[in-house]
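The structure file coords.txt is reproduced below (compact mmCIF, N, CA and C atoms and all ligand atoms).
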```txt
# COMPACT_ATOMS: atom_id res chain seq x y z
N MET H 1 -254.48 63.77 -37.38
CA MET H 1 -253.55 63.98 -38.50
C MET H 1 -254.34 64.33 -39.76
N VAL H 2 -253.72 65.08 -40.61
CA VAL H 2 -254.39 65.57 -41.81
C VAL H 2 -253.86 64.81 -43.03
N SER H 3 -254.80 64.29 -43.83
CA SER H 3 -254.44 63.52 -45.02
C SER H 3 -254.48 64.41 -46.26
N ILE H 4 -253.49 64.21 -47.12
CA ILE H 4 -253.45 64.95 -48.38
C ILE H 4 -254.60 64.53 -49.28
N LYS H 5 -255.12 63.32 -49.07
CA LYS H 5 -256.19 62.80 -49.92
C LYS H 5 -257.53 63.48 -49.64
N THR H 6 -257.70 63.94 -48.39
CA THR H 6 -259.01 64.45 -48.01
C THR H 6 -259.00 65.93 -47.63
N TYR H 7 -257.83 66.52 -47.52
CA TYR H 7 -257.74 67.93 -47.13
C TYR H 7 -258.38 68.81 -48.20
N THR H 8 -259.28 69.69 -47.78
CA THR H 8 -260.02 70.48 -48.76
C THR H 8 -259.54 71.93 -48.85
N GLY H 9 -258.63 72.31 -47.95
CA GLY H 9 -258.11 73.67 -48.00
C GLY H 9 -257.01 73.79 -49.05
N PRO H 10 -256.39 74.95 -49.14
CA PRO H 10 -255.34 75.18 -50.13
C PRO H 10 -254.10 74.32 -49.87
N VAL H 11 -253.67 73.60 -50.91
CA VAL H 11 -252.44 72.81 -50.83
C VAL H 11 -251.31 73.66 -51.37
N THR H 12 -250.30 73.84 -50.55
CA THR H 12 -249.16 74.68 -50.91
C THR H 12 -247.92 73.81 -51.03
N LEU H 13 -246.77 74.41 -51.24
CA LEU H 13 -245.52 73.67 -51.25
C LEU H 13 -244.61 74.22 -50.16
N CYS H 14 -243.71 73.35 -49.70
CA CYS H 14 -242.70 73.74 -48.73
C CYS H 14 -241.42 74.09 -49.48
N ARG H 15 -240.91 75.27 -49.27
CA ARG H 15 -239.73 75.71 -50.00
C ARG H 15 -238.49 74.89 -49.63
N SER H 16 -238.48 74.32 -48.43
CA SER H 16 -237.31 73.57 -47.98
C SER H 16 -237.17 72.22 -48.67
N CYS H 17 -238.29 71.53 -48.90
CA CYS H 17 -238.21 70.17 -49.46
C CYS H 17 -238.97 70.02 -50.77
N GLY H 18 -239.74 71.01 -51.16
CA GLY H 18 -240.45 70.95 -52.42
C GLY H 18 -241.68 70.06 -52.41
N GLN H 19 -242.09 69.60 -51.23
CA GLN H 19 -243.23 68.69 -51.13
C GLN H 19 -244.48 69.45 -50.68
N PRO H 20 -245.66 68.86 -50.94
CA PRO H 20 -246.91 69.54 -50.58
C PRO H 20 -247.02 69.81 -49.08
N SER H 21 -247.77 70.84 -48.76
CA SER H 21 -247.92 71.28 -47.38
C SER H 21 -249.26 71.99 -47.25
N PHE H 22 -249.63 72.29 -46.02
CA PHE H 22 -250.85 73.06 -45.78
C PHE H 22 -250.64 73.90 -44.53
N THR H 23 -251.57 74.80 -44.29
CA THR H 23 -251.45 75.67 -43.13
C THR H 23 -252.65 75.51 -42.21
N ASP H 24 -252.36 75.24 -40.97
CA ASP H 24 -253.36 75.09 -39.92
C ASP H 24 -253.35 76.36 -39.08
N GLU H 25 -254.52 76.83 -38.70
CA GLU H 25 -254.59 78.10 -37.95
C GLU H 25 -253.82 78.04 -36.64
N VAL H 26 -253.82 76.87 -36.01
CA VAL H 26 -253.18 76.74 -34.70
C VAL H 26 -251.69 76.42 -34.84
N ILE H 27 -251.39 75.38 -35.61
CA ILE H 27 -250.01 74.89 -35.68
C ILE H 27 -249.19 75.63 -36.72
N GLY H 28 -249.84 76.07 -37.79
CA GLY H 28 -249.12 76.79 -38.83
C GLY H 28 -248.83 75.92 -40.04
N HIS H 29 -247.81 76.32 -40.79
CA HIS H 29 -247.46 75.65 -42.04
C HIS H 29 -246.82 74.31 -41.73
N GLN H 30 -247.33 73.24 -42.31
CA GLN H 30 -246.87 71.90 -41.95
C GLN H 30 -247.10 70.91 -43.08
N HIS H 31 -246.59 69.68 -42.85
CA HIS H 31 -246.73 68.61 -43.84
C HIS H 31 -247.90 67.70 -43.53
N PHE H 32 -248.21 66.81 -44.49
CA PHE H 32 -249.34 65.89 -44.35
C PHE H 32 -248.93 64.58 -43.69
N ASN H 33 -249.93 63.88 -43.19
CA ASN H 33 -249.72 62.61 -42.52
C ASN H 33 -249.01 61.59 -43.41
N GLU H 34 -249.36 61.55 -44.69
CA GLU H 34 -248.76 60.58 -45.62
C GLU H 34 -247.25 60.75 -45.75
N GLN H 35 -246.74 61.92 -45.38
CA GLN H 35 -245.33 62.22 -45.60
C GLN H 35 -244.47 61.86 -44.40
N TRP H 36 -245.05 61.15 -43.45
CA TRP H 36 -244.41 60.87 -42.17
C TRP H 36 -242.97 60.37 -42.31
N ASP H 37 -242.79 59.31 -43.08
CA ASP H 37 -241.44 58.75 -43.27
C ASP H 37 -240.91 59.03 -44.66
N GLY H 38 -241.58 59.88 -45.39
CA GLY H 38 -241.29 59.99 -46.82
C GLY H 38 -240.66 61.27 -47.28
N VAL H 39 -240.66 62.31 -46.45
CA VAL H 39 -240.03 63.54 -46.89
C VAL H 39 -238.81 63.81 -46.01
N PHE H 40 -237.79 64.34 -46.63
CA PHE H 40 -236.58 64.67 -45.90
C PHE H 40 -236.53 66.18 -45.77
N CYS H 41 -237.30 66.65 -44.80
CA CYS H 41 -237.47 68.08 -44.60
C CYS H 41 -236.91 68.43 -43.23
N PRO H 42 -236.03 69.40 -43.14
CA PRO H 42 -235.44 69.75 -41.85
C PRO H 42 -236.47 70.29 -40.86
N HIS H 43 -237.66 70.65 -41.36
CA HIS H 43 -238.67 71.24 -40.48
C HIS H 43 -239.75 70.24 -40.07
N PHE H 44 -239.77 69.05 -40.69
CA PHE H 44 -240.86 68.10 -40.50
C PHE H 44 -241.11 67.82 -39.02
N PRO H 45 -242.36 67.71 -38.53
CA PRO H 45 -243.61 67.73 -39.31
C PRO H 45 -244.09 69.13 -39.70
N LEU H 46 -243.42 70.15 -39.20
CA LEU H 46 -243.73 71.48 -39.72
C LEU H 46 -243.12 71.61 -41.10
N ALA H 47 -243.26 72.75 -41.71
CA ALA H 47 -242.71 72.95 -43.04
C ALA H 47 -241.97 74.27 -43.08
N GLY H 48 -241.12 74.42 -44.08
CA GLY H 48 -240.37 75.66 -44.25
C GLY H 48 -241.25 76.74 -44.84
N GLU H 49 -240.62 77.66 -45.52
CA GLU H 49 -241.36 78.78 -46.11
C GLU H 49 -242.41 78.26 -47.09
N ARG H 50 -243.57 78.88 -47.12
CA ARG H 50 -244.69 78.41 -47.92
C ARG H 50 -244.66 78.98 -49.33
N ILE H 51 -244.89 78.11 -50.30
CA ILE H 51 -245.06 78.55 -51.68
C ILE H 51 -246.51 78.29 -52.08
N ASP H 52 -247.24 79.34 -52.40
CA ASP H 52 -248.62 79.17 -52.84
C ASP H 52 -248.65 78.62 -54.26
N MET H 53 -249.52 77.65 -54.49
CA MET H 53 -249.59 77.00 -55.79
C MET H 53 -250.90 77.33 -56.48
N ASP H 54 -250.83 77.52 -57.78
CA ASP H 54 -252.03 77.76 -58.57
C ASP H 54 -252.33 76.48 -59.35
N TRP H 55 -252.70 75.41 -58.61
CA TRP H 55 -253.00 74.12 -59.23
C TRP H 55 -254.21 74.28 -60.13
N ASP H 56 -254.26 73.52 -61.23
CA ASP H 56 -255.58 73.34 -61.83
C ASP H 56 -256.15 72.08 -61.21
N ASP H 57 -257.46 71.89 -61.32
CA ASP H 57 -258.12 70.80 -60.60
C ASP H 57 -257.54 69.44 -60.95
N MET H 58 -257.17 69.27 -62.22
CA MET H 58 -256.67 67.97 -62.64
C MET H 58 -255.32 67.66 -62.02
N SER H 59 -254.43 68.63 -61.97
CA SER H 59 -253.10 68.35 -61.41
C SER H 59 -253.18 68.12 -59.91
N LEU H 60 -254.06 68.83 -59.23
CA LEU H 60 -254.19 68.61 -57.79
C LEU H 60 -254.82 67.25 -57.51
N ASP H 61 -255.84 66.89 -58.28
CA ASP H 61 -256.47 65.57 -58.11
C ASP H 61 -255.47 64.45 -58.37
N GLN H 62 -254.67 64.60 -59.40
CA GLN H 62 -253.70 63.56 -59.74
C GLN H 62 -252.64 63.44 -58.65
N MET H 63 -252.15 64.55 -58.15
CA MET H 63 -251.15 64.51 -57.10
C MET H 63 -251.73 63.84 -55.86
N ARG H 64 -252.95 64.17 -55.51
CA ARG H 64 -253.59 63.55 -54.35
C ARG H 64 -253.72 62.04 -54.54
N ALA H 65 -254.12 61.64 -55.72
CA ALA H 65 -254.37 60.22 -55.97
C ALA H 65 -253.08 59.41 -55.96
N GLU H 66 -251.99 60.02 -56.43
CA GLU H 66 -250.75 59.26 -56.61
C GLU H 66 -249.74 59.49 -55.51
N TYR H 67 -250.03 60.38 -54.56
CA TYR H 67 -249.02 60.68 -53.55
C TYR H 67 -248.78 59.47 -52.67
N PRO H 68 -247.53 59.03 -52.49
CA PRO H 68 -247.27 57.83 -51.68
C PRO H 68 -247.55 58.07 -50.21
N ASP H 69 -248.10 57.06 -49.56
CA ASP H 69 -248.38 57.14 -48.13
C ASP H 69 -247.30 56.38 -47.38
N THR H 70 -246.41 57.08 -46.71
CA THR H 70 -245.30 56.44 -46.00
C THR H 70 -245.48 56.50 -44.49
N TYR H 71 -246.70 56.82 -44.06
CA TYR H 71 -246.97 56.79 -42.62
C TYR H 71 -246.92 55.35 -42.13
N PRO H 72 -246.25 55.07 -41.00
CA PRO H 72 -246.17 53.68 -40.51
C PRO H 72 -247.48 53.22 -39.90
N HIS H 73 -248.39 52.72 -40.74
CA HIS H 73 -249.67 52.22 -40.26
C HIS H 73 -249.47 50.97 -39.43
N GLN H 74 -250.43 50.70 -38.55
CA GLN H 74 -250.28 49.59 -37.61
C GLN H 74 -250.14 48.24 -38.29
N SER H 75 -250.75 48.09 -39.48
CA SER H 75 -250.69 46.79 -40.14
C SER H 75 -249.25 46.42 -40.51
N PHE H 76 -248.38 47.41 -40.58
CA PHE H 76 -246.99 47.13 -40.92
C PHE H 76 -246.12 46.97 -39.67
N ALA H 77 -246.64 47.34 -38.52
CA ALA H 77 -245.85 47.29 -37.30
C ALA H 77 -246.23 46.04 -36.50
N ALA H 78 -245.79 44.89 -36.95
CA ALA H 78 -246.16 43.63 -36.30
C ALA H 78 -245.30 43.39 -35.06
N GLY H 79 -245.97 43.24 -33.95
CA GLY H 79 -245.28 42.89 -32.73
C GLY H 79 -244.61 44.07 -32.05
N PRO H 80 -244.26 43.89 -30.78
CA PRO H 80 -243.62 44.98 -30.03
C PRO H 80 -242.20 45.24 -30.52
N ARG H 81 -241.78 46.46 -30.40
CA ARG H 81 -240.42 46.80 -30.81
C ARG H 81 -239.44 46.40 -29.73
N ALA H 82 -238.34 45.84 -30.13
CA ALA H 82 -237.34 45.38 -29.16
C ALA H 82 -236.54 46.57 -28.65
ZN ZN H 101 -240.76 70.52 -46.13
```
Could you quickly redo this structure as structure tokens?
Ligand SMILES: [Zn+2]
Amino acid sequence: MVSIKTYTGPVTLCRSCGQPSFTDEVIGHQHFNEQWDGVFCPHFPLAGERIDMDWDDMSLDQMRAEYPDTYPHQSFAAGPRA
């Protein structure tokens, strides 16, 4: 899975949900791991049409630092699911 915090390629936006996205050569335009339970995108985990962003370094760094991580990490999944 790809993290928005560590991804070094171009961060784009998804036209369908307005949230950050990236493009993988194999899978294509898609969302980040942190957005697992957090974006309401009809295409998730893929993404809709791509919007290229002209971030300045500060805005991209701030978005990365503050973006909520809603992926269900194991520490939150206590015990087997019924
Ligand atoms: Zn989307």
Find the spatial neighbours of stretch 67-72 of chain H, counting only C-alpha atoms, within a cut-off of 6 Å - ignore same-chain residues fewer than 6 positions away - and output them as a ChimeraX atom specification. /H:34-38
For H:Phe22, which of H:Val39, H:Pro10, H:Ile4, H:Leu60 is the closest residue, counting only N, CA and C atoms?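 Smallest distance to H:Phe22 is found for H:Pro10.
When only C-alpha atoms and all ligand atoms are used to compute distances to ligand ZN 101 (chain H), the closest of the residues H:Thr23, H:Thr6, H:Trp55, H:Leu46 turns out to be H:Leu46.
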List every residue of stretch 8-72 of chain H that DSSP, applied to the backbone of this structure, assigns to alpha helix (DSSP H), and report them as number ranges by chain. H: 57-66
Build an axis-aligned box that encloses every atom of stretch 54-72 of chain H listed in the file, pad it by 4 Å on each side, and report its centre and edge lengths in Å to one decimal, as JSON.
```
{"center_x": -251.7, "center_y": 65.5, "center_z": -51.3, "size_x": 20.8, "size_y": 32.5, "size_z": 30.7}
```
Give me, as number ranges by chain, the set of residues whose atoms come within 8 Å of any atom of ligand ZN 101 (chain H), counting only N, CA and C atoms and all ligand atoms. H: 13-21, 30-31, 39-49
Using only N, CA and C atoms, which of H:Ile27, H:Asn33, H:Ile51, H:Lys5 sits nearest H:Arg64? H:Lys5
Backbone DSSP call of strand (DSSP E or B) for chain H, listed as a list in words: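 Everything in chain H that counts as strand (DSSP E or B) is Thr12, Leu13, Cys14, Pro20, Ser21, Phe22, Thr23, Asp24, Gly28, His29, Gln30, Leu46, Arg50 and Ile51 of chain H.
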One-decimal distance in Å that lies between atom CA of H:Glu66 and atom CA of H:Glu25: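 Spanning atom CA of H:Glu25 to atom CA of H:Glu66 is a straight-line distance of 26.8 Å.
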Can you tell me how far atom CA of H:Asp54 sits from atom CA of H:Phe32, in Å to one decimal? 18.7 Å
Select, from H:Asp56, H:Val11, H:Met63, H:Arg50, the residue with the minimum atom-to-atom distance to H:His29, counting all atoms listed in the file.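 When distances to H:His29 are compared using all atoms listed in the file, the smallest one comes from H:Arg50.
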Atom N of H:Thr12 and atom N of H:Asp61 are how many Å apart?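 Computed distance, atom N of H:Thr12 to atom N of H:Asp61, equals 11.8 Å.
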